[in-house]
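*Asks:* My structure file upload.cif, mmCIF, C-alpha atoms, is below:
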```
data_my_file
#
loop_
_atom_site.label_atom_id
_atom_site.label_comp_id
_atom_site.auth_asym_id
_atom_site.auth_seq_id
_atom_site.Cartn_x
_atom_site.Cartn_y
_atom_site.Cartn_z
CA MET A 1 83.90 31.49 60.43
CA LYS A 2 83.43 31.19 56.65
CA PHE A 3 84.34 34.25 54.61
CA PHE A 4 82.47 35.18 51.41
CA ASP A 5 84.60 34.64 48.32
CA HIS A 6 84.08 37.80 46.20
CA GLN A 7 86.35 36.55 43.46
CA ASN A 8 84.40 33.32 43.10
CA ASP A 9 81.13 35.31 43.05
CA LYS A 10 82.41 37.45 40.18
CA THR A 11 83.39 34.33 38.25
CA ILE A 12 79.94 32.78 38.72
CA ARG A 13 78.16 35.97 37.61
CA LYS A 14 80.40 36.26 34.56
CA SER A 15 79.66 32.64 33.64
CA ILE A 16 75.91 33.25 33.96
CA LEU A 17 76.11 36.34 31.76
CA VAL A 18 78.08 34.46 29.11
CA MET A 19 75.53 31.63 29.22
CA LEU A 20 72.59 34.04 28.85
CA PHE A 21 74.33 35.75 25.93
CA LEU A 22 74.94 32.43 24.18
CA ILE A 23 71.31 31.37 24.69
CA SER A 24 70.05 34.72 23.32
CA PHE A 25 72.45 34.61 20.38
CA SER A 26 71.39 31.04 19.59
CA ALA A 27 67.71 32.03 19.66
CA ILE A 28 68.31 35.04 17.40
CA SER A 29 70.35 32.96 14.95
CA GLN A 30 67.70 30.26 14.89
CA HIS A 31 65.01 32.88 14.17
CA LYS A 32 67.04 34.38 11.34
CA THR A 33 67.65 31.02 9.71
CA GLU A 34 64.12 29.74 10.26
CA LYS A 35 62.83 28.17 7.08
CA PRO A 36 59.77 29.98 5.67
CA LYS A 37 56.51 28.13 6.28
CA PHE A 38 55.44 28.60 2.67
CA LYS A 39 56.25 30.63 -0.44
CA VAL A 40 54.04 33.09 -2.33
CA ILE A 41 54.55 34.36 -5.87
CA ALA A 42 52.67 37.40 -7.18
CA PHE A 43 52.24 38.02 -10.90
CA TYR A 44 51.47 41.53 -12.15
CA THR A 45 51.59 43.76 -15.22
CA ALA A 46 51.30 47.30 -13.79
CA GLN A 47 51.18 49.02 -17.17
CA ASN A 48 47.58 50.18 -17.65
CA ASP A 49 45.45 52.39 -15.39
CA GLN A 50 47.24 54.35 -12.71
CA ALA A 51 44.83 53.02 -10.06
CA HIS A 52 45.91 49.44 -10.75
CA ILE A 53 49.58 50.42 -10.96
CA SER A 54 49.29 52.18 -7.60
CA PHE A 55 47.72 49.07 -6.07
CA VAL A 56 50.47 46.80 -7.42
CA HIS A 57 53.20 49.01 -5.92
CA GLU A 58 51.30 49.10 -2.63
CA ALA A 59 50.86 45.31 -2.63
CA ASN A 60 54.54 44.73 -3.33
CA ASN A 61 55.30 46.85 -0.28
CA TRP A 62 52.66 45.35 2.06
CA PHE A 63 53.09 41.64 1.38
CA PRO A 64 56.83 41.50 2.23
CA LYS A 65 56.04 43.08 5.60
CA MET A 66 53.38 40.45 6.25
CA ALA A 67 55.81 37.75 5.12
CA GLU A 68 58.42 38.86 7.63
CA LYS A 69 55.89 38.98 10.48
CA ASN A 70 54.30 35.62 9.66
CA HIS A 71 57.36 33.69 8.49
CA PHE A 72 56.54 33.08 4.86
CA GLU A 73 58.38 34.12 1.71
CA TYR A 74 57.00 36.58 -0.85
CA ASP A 75 58.28 37.05 -4.39
CA SER A 76 56.78 39.00 -7.28
CA THR A 77 57.33 39.08 -11.00
CA SER A 78 56.02 40.90 -14.05
CA ASN A 79 57.35 38.14 -16.30
CA TRP A 80 54.31 36.00 -17.13
CA GLU A 81 56.58 33.52 -18.90
CA ASN A 82 57.33 32.29 -15.37
CA LEU A 83 53.80 30.91 -15.24
CA ASN A 84 55.01 27.38 -15.99
CA ALA A 85 55.07 24.09 -14.09
CA ALA A 86 58.74 24.20 -13.10
CA PHE A 87 58.54 27.72 -11.70
CA LEU A 88 55.18 27.24 -9.97
CA SER A 89 56.40 24.08 -8.25
CA LYS A 90 58.48 26.29 -5.92
CA TYR A 91 55.41 28.07 -4.55
CA GLN A 92 52.36 27.16 -2.49
CA ILE A 93 50.32 30.28 -3.35
CA VAL A 94 49.97 32.30 -6.57
CA LEU A 95 48.62 35.86 -6.61
CA PHE A 96 47.32 37.78 -9.63
CA LEU A 97 47.61 41.43 -8.56
CA ASP A 98 46.10 43.12 -11.62
CA THR A 99 45.82 41.03 -14.78
CA ARG A 100 45.59 37.43 -15.98
CA PRO A 101 47.80 35.31 -18.26
CA GLU A 102 47.06 35.59 -21.97
CA LYS A 103 49.10 32.78 -23.55
CA THR A 104 47.56 29.31 -23.85
CA GLU A 105 50.54 27.52 -22.30
CA GLN A 106 50.52 29.89 -19.30
CA ARG A 107 46.81 29.33 -18.77
CA GLU A 108 47.20 25.56 -19.00
CA ALA A 109 50.06 25.63 -16.48
CA PHE A 110 47.98 27.66 -14.04
CA GLN A 111 44.94 25.37 -14.40
CA LYS A 112 47.07 22.27 -13.73
CA TYR A 113 48.69 24.00 -10.76
CA MET A 114 45.29 24.67 -9.22
CA GLU A 115 43.89 21.24 -10.03
CA ASN A 116 46.92 19.66 -8.36
CA GLY A 117 46.37 21.47 -5.06
CA GLY A 118 47.96 24.88 -5.57
CA ALA A 119 46.41 27.98 -4.01
CA PHE A 120 45.39 31.33 -5.49
CA ILE A 121 44.32 34.82 -4.48
CA GLY A 122 43.20 37.19 -7.24
CA PHE A 123 42.49 40.89 -6.90
CA HIS A 124 40.09 43.23 -8.70
CA PHE A 125 41.06 43.44 -12.39
CA SER A 126 42.44 39.89 -12.48
CA ALA A 127 38.84 38.68 -13.04
CA PHE A 128 38.02 41.22 -15.75
CA ALA A 129 36.80 39.86 -19.07
CA LEU A 130 34.83 41.74 -21.72
CA ASN A 131 34.48 40.84 -25.37
CA ASP A 132 35.61 43.51 -27.83
CA SER A 133 38.15 44.72 -25.24
CA SER A 134 41.85 44.03 -24.66
CA TYR A 135 40.75 41.28 -22.25
CA PRO A 136 38.04 39.26 -24.06
CA GLN A 137 36.16 36.41 -22.44
CA ASN A 138 38.24 33.72 -24.12
CA TRP A 139 39.16 31.57 -21.11
CA ASN A 140 36.08 29.60 -20.10
CA TRP A 141 37.66 27.50 -17.33
CA TYR A 142 39.02 30.55 -15.51
CA HIS A 143 36.07 32.93 -15.78
CA ASN A 144 33.13 30.51 -15.63
CA THR A 145 34.35 27.36 -13.85
CA PHE A 146 37.07 28.66 -11.54
CA LEU A 147 35.97 32.22 -10.70
CA GLY A 148 32.35 31.60 -11.64
CA SER A 149 31.76 35.26 -12.38
CA GLY A 150 31.69 35.16 -16.18
CA GLU A 151 32.06 38.48 -17.95
CA TYR A 152 32.38 41.94 -16.47
CA GLY A 153 29.01 43.69 -16.46
CA SER A 154 29.52 47.22 -15.14
CA ASN A 155 31.20 49.21 -12.40
CA THR A 156 30.67 52.05 -9.97
CA TRP A 157 32.50 55.35 -10.31
CA LYS A 158 34.24 57.20 -8.64
CA PRO A 159 36.00 54.79 -6.30
CA THR A 160 34.09 54.93 -3.01
CA SER A 161 33.96 52.99 0.24
CA ALA A 162 31.19 50.45 0.75
CA ILE A 163 29.78 48.71 3.78
CA LEU A 164 30.61 45.04 3.35
CA LYS A 165 28.76 42.26 5.14
CA VAL A 166 29.91 38.74 5.93
CA GLU A 167 27.62 36.40 3.98
CA ASN A 168 28.99 33.04 5.10
CA GLN A 169 31.21 32.04 7.99
CA ASP A 170 34.53 30.57 6.92
CA PRO A 171 38.09 30.34 8.28
CA ILE A 172 38.90 33.21 5.91
CA THR A 173 36.32 35.48 7.62
CA LYS A 174 37.42 34.47 11.13
CA ASN A 175 37.41 37.41 13.58
CA LEU A 176 35.83 39.78 11.04
CA PRO A 177 32.87 41.88 12.20
CA LYS A 178 29.48 41.18 10.60
CA THR A 179 29.76 44.44 8.67
CA PHE A 180 32.64 46.86 8.11
CA LYS A 181 33.59 49.83 5.96
CA SER A 182 35.93 49.06 3.08
CA GLN A 183 38.60 51.20 1.51
CA PRO A 184 37.52 53.20 -1.56
CA ASN A 185 37.23 50.90 -4.56
CA GLU A 186 35.75 50.61 -8.04
CA TRP A 187 33.13 47.88 -7.59
CA TYR A 188 32.37 45.35 -10.32
CA ARG A 189 29.13 43.69 -11.39
CA TRP A 190 29.31 40.33 -13.19
CA SER A 191 27.24 38.54 -15.85
CA ASN A 192 26.80 35.39 -13.73
CA ASP A 193 24.73 35.24 -10.53
CA LEU A 194 27.18 33.64 -8.11
CA ARG A 195 24.33 32.76 -5.72
CA LYS A 196 23.12 30.16 -8.23
CA ASN A 197 26.49 28.40 -8.47
CA PRO A 198 26.76 25.55 -5.91
CA ASP A 199 30.57 25.58 -6.18
CA ILE A 200 30.83 29.22 -5.11
CA LYS A 201 30.79 30.36 -1.50
CA ILE A 202 30.25 34.11 -1.22
CA LEU A 203 32.13 35.46 1.78
CA LEU A 204 31.50 39.22 1.51
CA ALA A 205 28.85 41.20 -0.35
CA ILE A 206 27.95 44.87 -0.52
CA ASP A 207 25.48 45.73 2.21
CA GLU A 208 22.33 47.61 1.16
CA SER A 209 23.25 50.43 3.56
CA SER A 210 25.97 51.35 1.01
CA PHE A 211 23.40 52.58 -1.55
CA PRO A 212 23.64 54.83 -3.42
CA LEU A 213 27.15 53.57 -4.21
CA GLY A 214 29.32 55.66 -6.51
CA THR A 215 29.18 59.32 -7.45
CA GLY A 216 29.06 59.24 -11.25
CA PRO A 217 28.99 61.48 -13.25
CA LYS A 218 27.20 58.87 -15.41
CA PRO A 219 23.92 57.61 -13.89
CA ASN A 220 24.82 53.96 -14.57
CA GLU A 221 27.97 54.43 -12.47
CA ILE A 222 25.83 54.88 -9.35
CA TRP A 223 24.18 51.76 -7.91
CA HIS A 224 20.93 52.20 -6.03
CA ASN A 225 20.04 48.55 -5.36
CA GLY A 226 20.96 44.98 -6.21
CA TYR A 227 23.13 42.16 -4.94
CA TYR A 228 26.89 42.45 -5.48
CA PRO A 229 29.37 39.83 -4.20
CA ALA A 230 32.76 41.32 -3.32
CA VAL A 231 34.79 38.36 -2.04
CA TRP A 232 34.23 34.67 -2.69
CA THR A 233 35.85 31.26 -2.91
CA ASN A 234 35.33 28.18 -5.06
CA LYS A 235 34.78 25.06 -2.90
CA ASN A 236 36.67 22.87 -5.39
CA TYR A 237 39.93 24.81 -5.08
CA LYS A 238 42.11 26.62 -2.58
CA MET A 239 41.27 30.05 -3.95
CA LEU A 240 39.96 33.48 -3.08
CA TYR A 241 38.83 36.34 -5.29
CA VAL A 242 38.88 39.83 -3.78
CA ASN A 243 37.16 42.63 -5.73
CA MET A 244 39.24 45.24 -3.93
CA GLY A 245 42.41 46.43 -5.65
CA HIS A 246 41.64 49.80 -7.28
CA ASN A 247 43.08 52.78 -5.44
CA ASP A 248 41.45 56.19 -5.82
CA ILE A 249 43.53 58.43 -8.09
CA ASP A 250 43.37 62.17 -8.69
CA TYR A 251 42.46 62.01 -12.37
CA GLU A 252 40.24 65.09 -12.12
CA HIS A 253 43.11 67.48 -11.51
CA GLY A 254 45.60 65.63 -13.66
CA THR A 255 48.06 64.94 -10.83
CA ASN A 256 47.56 61.14 -10.86
CA LYS A 257 48.24 61.26 -7.13
CA THR A 258 47.05 58.27 -5.09
CA LEU A 259 44.18 59.41 -2.86
CA SER A 260 43.45 56.13 -1.09
CA TYR A 261 45.31 52.92 -0.32
CA THR A 262 43.73 49.46 -0.28
CA PHE A 263 45.92 48.05 2.50
CA GLU A 264 45.19 50.89 4.93
CA ASN A 265 42.26 48.90 6.30
CA GLU A 266 42.99 46.43 9.08
CA THR A 267 39.75 44.46 8.60
CA GLN A 268 40.36 43.91 4.89
CA ASN A 269 43.97 43.03 5.68
CA LYS A 270 42.83 40.45 8.23
CA LEU A 271 40.74 38.72 5.56
CA ILE A 272 43.68 38.49 3.14
CA LEU A 273 46.09 37.36 5.85
CA ASN A 274 43.60 34.71 7.02
CA ALA A 275 43.49 33.33 3.48
CA LEU A 276 47.28 33.38 3.07
CA LEU A 277 47.88 31.50 6.33
CA LEU A 278 45.05 29.06 5.66
CA PHE A 279 46.25 28.21 2.14
CA GLY A 280 49.95 28.32 2.96
CA ASN A 281 49.73 26.03 5.98
CA SER A 282 47.32 23.59 4.35
CA LYS A 283 48.77 20.12 3.84
CA LYS A 284 46.36 19.18 1.05
#
```
Can you give me the file's structure in the form of structure tokens?

*Replies:*
Amino acid sequence: MKFFDHQNDKTIRKSILVMLFLISFSAISQHKTEKPKFKVIAFYTAQNDQAHISFVHEANNWFPKMAEKNHFEYDSTSNWENLNAAFLSKYQIVLFLDTRPEKTEQREAFQKYMENGGAFIGFHFSAFALNDSSYPQNWNWYHNTFLGSGEYGSNTWKPTSAILKVENQDPITKNLPKTFKSQPNEWYRWSNDLRKNPDIKILLAIDESSFPLGTGPKPNEIWHNGYYPAVWTNKNYKMLYVNMGHNDIDYEHGTNKTLSYTFENETQNKLILNALLLFGNSKK
């Protein structure tokens, strides 16, 4: 008769537990040291307009969370002097959260970066240009060739939600519904008709069910009809422009409290994340 060896059984179980622990520890360590798939750098100013400042702070909170979940690296800087070839060479994607570069050498570095295969996502005010303002239309390549939008024309007020519709299918609009409700935003109209530009692919536009859009008080701040692109890409570059990026702020009561947040919208977030992963994982 063969007797069961309890001592040997304990030894085997202990060995198995140690092995499982080592395997788990190795997996955790490997995950922690996993090299990021790509690197993103966001430029911002965050000095003018509380709505834009609020958005920048929100973005610099949201993007790191997305980076951790999707294994990419996110950095941000308010030092526009970093917009140079040596610094940009470390990153696969550049974001402009609220403004644009103003110095000639910074603009030239950005243009070369994009022409050499870099990627870009710009938000809301980053496309603003208006002569006789602090941001004149004095960068033709950026506003007319790259963005295609030209000068700022007008805007809605107050910030309100719009129904956005998918205009063209694209990897960036993958898994988005045909129409969806946006977060509150100040919507821009542009001097150029993007539909007439063969290089521009409009991805989202304001659906006519949104009208009237805006609450005023000025009549021209309420849109009753028209065609207004909200998100588009230029076929010659890895780029995306997103008109969203203006949080609603309590100016009326003087509290400057943020009343709405751009990234509290899963559908909008999906669009931005689609673009990040598409651009970041692109080998071109």

*Asks:* Could you give me, as number ranges by chain, the residues within 12 Å of Gln47 of chain A, counting only C-alpha atoms and dropping anything in the same chain fewer than 4 positions from it?

*Replies:* A: 51-57, 78, 98-99

*Asks:* Go through A:Lys181, A:Arg195, A:Lys35, A:His143 one by one, measure the shortest atom-to-atom distance of each to Asn168 of chain A using all atoms listed in the file, and give the residue with the smallest value.

*Replies:* A:Arg195

*Asks:* On this structure, the PyMOL selection byres ((chain A and resi 215) around 9) would catch which residues? List them as a PyMOL selection string, sorted by chain and number.

*Replies:* chain A and resi 156-160+212-214+216-219+221-222

*Asks:* Which residue, A:Asn192, A:Asn48, A:Asn247, A:Ser209, has the smallest gap to Tyr261 of chain A when you use all atoms listed in the file?

*Replies:* A:Asn247

*Asks:* Once the PyMOL selection byres ((chain A and resi 60-69) around 10) is applied to the coordinates I shared, what remains selected? I want it as a PyMOL selection string.

*Replies:* chain A and resi 36-40+42+44+55-59+70-77+97+263-264+269+273+276

*Asks:* Record the distance separating atom CA of Val231 of chain A and atom CA of Leu203 of chain A, expressed in Å with one decimal.

*Replies:*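 Distance reported for this atom pair: 5.5 Å.
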
*Asks:* Can you list what the PyMOL selection byres ((chain A and resi 153) around 12) grabs from this structure, as a PDB file with C-alpha atoms, keeping the file's coordinate frame?

*Replies:*
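Writing done, so here's selection37.pdb:
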```
ATOM      1  CA  ALA A 127      38.840  38.680 -13.040  1.00  0.00           C
ATOM      2  CA  PHE A 128      38.020  41.220 -15.750  1.00  0.00           C
ATOM      3  CA  ALA A 129      36.800  39.860 -19.070  1.00  0.00           C
ATOM      4  CA  LEU A 130      34.830  41.740 -21.720  1.00  0.00           C
ATOM      5  CA  ASN A 131      34.480  40.840 -25.370  1.00  0.00           C
ATOM      6  CA  GLN A 137      36.160  36.410 -22.440  1.00  0.00           C
ATOM      7  CA  SER A 149      31.760  35.260 -12.380  1.00  0.00           C
ATOM      8  CA  GLY A 150      31.690  35.160 -16.180  1.00  0.00           C
ATOM      9  CA  GLU A 151      32.060  38.480 -17.950  1.00  0.00           C
ATOM     10  CA  TYR A 152      32.380  41.940 -16.470  1.00  0.00           C
ATOM     11  CA  SER A 154      29.520  47.220 -15.140  1.00  0.00           C
ATOM     12  CA  ASN A 155      31.200  49.210 -12.400  1.00  0.00           C
ATOM     13  CA  THR A 156      30.670  52.050  -9.970  1.00  0.00           C
ATOM     14  CA  TRP A 187      33.130  47.880  -7.590  1.00  0.00           C
ATOM     15  CA  TYR A 188      32.370  45.350 -10.320  1.00  0.00           C
ATOM     16  CA  ARG A 189      29.130  43.690 -11.390  1.00  0.00           C
ATOM     17  CA  TRP A 190      29.310  40.330 -13.190  1.00  0.00           C
ATOM     18  CA  SER A 191      27.240  38.540 -15.850  1.00  0.00           C
ATOM     19  CA  ASN A 192      26.800  35.390 -13.730  1.00  0.00           C
ATOM     20  CA  ASP A 193      24.730  35.240 -10.530  1.00  0.00           C
ATOM     21  CA  ASN A 220      24.820  53.960 -14.570  1.00  0.00           C
ATOM     22  CA  GLU A 221      27.970  54.430 -12.470  1.00  0.00           C
ATOM     23  CA  TYR A 228      26.890  42.450  -5.480  1.00  0.00           C
TER      24      TYR A 228
END
```

*Asks:* Add whatever atoms are absent from segment 61-81 of chain A to reach N, CA, C and O atoms, and provide the output as a PDB file, in the frame of the given file.

*Replies:*
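Produced file out.pdb, reproduced below:
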```
ATOM      1  N   ASN A  61      54.727  46.293  -1.498  1.00  0.00           N
ATOM      2  CA  ASN A  61      55.300  46.850  -0.280  1.00  0.00           C
ATOM      3  C   ASN A  61      54.688  46.187   0.964  1.00  0.00           C
ATOM      4  O   ASN A  61      55.383  45.920   1.943  1.00  0.00           O
ATOM      5  N   TRP A  62      53.374  45.909   0.903  1.00  0.00           N
ATOM      6  CA  TRP A  62      52.660  45.350   2.060  1.00  0.00           C
ATOM      7  C   TRP A  62      52.944  43.872   2.277  1.00  0.00           C
ATOM      8  O   TRP A  62      53.210  43.445   3.407  1.00  0.00           O
ATOM      9  N   PHE A  63      52.915  43.081   1.221  1.00  0.00           N
ATOM     10  CA  PHE A  63      53.090  41.640   1.380  1.00  0.00           C
ATOM     11  C   PHE A  63      54.446  41.236   1.978  1.00  0.00           C
ATOM     12  O   PHE A  63      54.494  40.338   2.828  1.00  0.00           O
ATOM     13  N   PRO A  64      55.559  41.867   1.579  1.00  0.00           N
ATOM     14  CA  PRO A  64      56.830  41.500   2.230  1.00  0.00           C
ATOM     15  C   PRO A  64      56.825  41.763   3.732  1.00  0.00           C
ATOM     16  O   PRO A  64      57.441  40.999   4.495  1.00  0.00           O
ATOM     17  N   LYS A  65      56.139  42.808   4.169  1.00  0.00           N
ATOM     18  CA  LYS A  65      56.040  43.080   5.600  1.00  0.00           C
ATOM     19  C   LYS A  65      55.252  41.979   6.306  1.00  0.00           C
ATOM     20  O   LYS A  65      55.616  41.537   7.398  1.00  0.00           O
ATOM     21  N   MET A  66      54.161  41.540   5.675  1.00  0.00           N
ATOM     22  CA  MET A  66      53.380  40.450   6.250  1.00  0.00           C
ATOM     23  C   MET A  66      54.177  39.143   6.240  1.00  0.00           C
ATOM     24  O   MET A  66      54.066  38.334   7.163  1.00  0.00           O
ATOM     25  N   ALA A  67      54.982  38.952   5.207  1.00  0.00           N
ATOM     26  CA  ALA A  67      55.810  37.750   5.120  1.00  0.00           C
ATOM     27  C   ALA A  67      56.814  37.692   6.258  1.00  0.00           C
ATOM     28  O   ALA A  67      57.009  36.633   6.876  1.00  0.00           O
ATOM     29  N   GLU A  68      57.432  38.814   6.553  1.00  0.00           N
ATOM     30  CA  GLU A  68      58.420  38.860   7.630  1.00  0.00           C
ATOM     31  C   GLU A  68      57.770  38.587   8.988  1.00  0.00           C
ATOM     32  O   GLU A  68      58.311  37.841   9.810  1.00  0.00           O
ATOM     33  N   LYS A  69      56.581  39.154   9.205  1.00  0.00           N
ATOM     34  CA  LYS A  69      55.890  38.980  10.480  1.00  0.00           C
ATOM     35  C   LYS A  69      55.360  37.565  10.673  1.00  0.00           C
ATOM     36  O   LYS A  69      55.286  37.066  11.794  1.00  0.00           O
ATOM     37  N   ASN A  70      54.980  36.920   9.567  1.00  0.00           N
ATOM     38  CA  ASN A  70      54.300  35.620   9.660  1.00  0.00           C
ATOM     39  C   ASN A  70      55.132  34.458   9.118  1.00  0.00           C
ATOM     40  O   ASN A  70      54.616  33.365   8.936  1.00  0.00           O
ATOM     41  N   HIS A  71      56.397  34.724   8.845  1.00  0.00           N
ATOM     42  CA  HIS A  71      57.360  33.690   8.490  1.00  0.00           C
ATOM     43  C   HIS A  71      57.016  32.932   7.203  1.00  0.00           C
ATOM     44  O   HIS A  71      57.066  31.707   7.151  1.00  0.00           O
ATOM     45  N   PHE A  72      56.627  33.678   6.177  1.00  0.00           N
ATOM     46  CA  PHE A  72      56.540  33.080   4.860  1.00  0.00           C
ATOM     47  C   PHE A  72      57.361  33.913   3.893  1.00  0.00           C
ATOM     48  O   PHE A  72      57.877  34.973   4.265  1.00  0.00           O
ATOM     49  N   GLU A  73      57.540  33.435   2.689  1.00  0.00           N
ATOM     50  CA  GLU A  73      58.380  34.120   1.710  1.00  0.00           C
ATOM     51  C   GLU A  73      57.514  34.677   0.587  1.00  0.00           C
ATOM     52  O   GLU A  73      56.620  33.989   0.091  1.00  0.00           O
ATOM     53  N   TYR A  74      57.781  35.920   0.204  1.00  0.00           N
ATOM     54  CA  TYR A  74      57.000  36.580  -0.850  1.00  0.00           C
ATOM     55  C   TYR A  74      57.903  37.026  -1.977  1.00  0.00           C
ATOM     56  O   TYR A  74      58.890  37.727  -1.759  1.00  0.00           O
ATOM     57  N   ASP A  75      57.585  36.603  -3.183  1.00  0.00           N
ATOM     58  CA  ASP A  75      58.280  37.050  -4.390  1.00  0.00           C
ATOM     59  C   ASP A  75      57.244  37.621  -5.351  1.00  0.00           C
ATOM     60  O   ASP A  75      56.058  37.289  -5.267  1.00  0.00           O
ATOM     61  N   SER A  76      57.690  38.462  -6.257  1.00  0.00           N
ATOM     62  CA  SER A  76      56.780  39.000  -7.280  1.00  0.00           C
ATOM     63  C   SER A  76      57.512  39.104  -8.604  1.00  0.00           C
ATOM     64  O   SER A  76      58.741  39.238  -8.646  1.00  0.00           O
ATOM     65  N   THR A  77      56.739  39.020  -9.670  1.00  0.00           N
ATOM     66  CA  THR A  77      57.330  39.080 -11.000  1.00  0.00           C
ATOM     67  C   THR A  77      56.334  39.659 -11.995  1.00  0.00           C
ATOM     68  O   THR A  77      55.131  39.414 -11.895  1.00  0.00           O
ATOM     69  N   SER A  78      56.842  40.408 -12.945  1.00  0.00           N
ATOM     70  CA  SER A  78      56.020  40.900 -14.050  1.00  0.00           C
ATOM     71  C   SER A  78      56.262  40.069 -15.317  1.00  0.00           C
ATOM     72  O   SER A  78      55.735  40.389 -16.379  1.00  0.00           O
ATOM     73  N   ASN A  79      57.048  39.023 -15.177  1.00  0.00           N
ATOM     74  CA  ASN A  79      57.350  38.140 -16.300  1.00  0.00           C
ATOM     75  C   ASN A  79      56.373  36.959 -16.282  1.00  0.00           C
ATOM     76  O   ASN A  79      56.564  35.979 -15.561  1.00  0.00           O
ATOM     77  N   TRP A  80      55.342  37.045 -17.101  1.00  0.00           N
ATOM     78  CA  TRP A  80      54.310  36.000 -17.130  1.00  0.00           C
ATOM     79  C   TRP A  80      54.813  34.707 -17.762  1.00  0.00           C
ATOM     80  O   TRP A  80      54.150  33.678 -17.667  1.00  0.00           O
ATOM     81  N   GLU A  81      55.993  34.750 -18.383  1.00  0.00           N
ATOM     82  CA  GLU A  81      56.580  33.520 -18.900  1.00  0.00           C
ATOM     83  C   GLU A  81      56.949  32.572 -17.752  1.00  0.00           C
ATOM     84  O   GLU A  81      57.127  31.372 -17.951  1.00  0.00           O
TER      85      GLU A  81
END
```
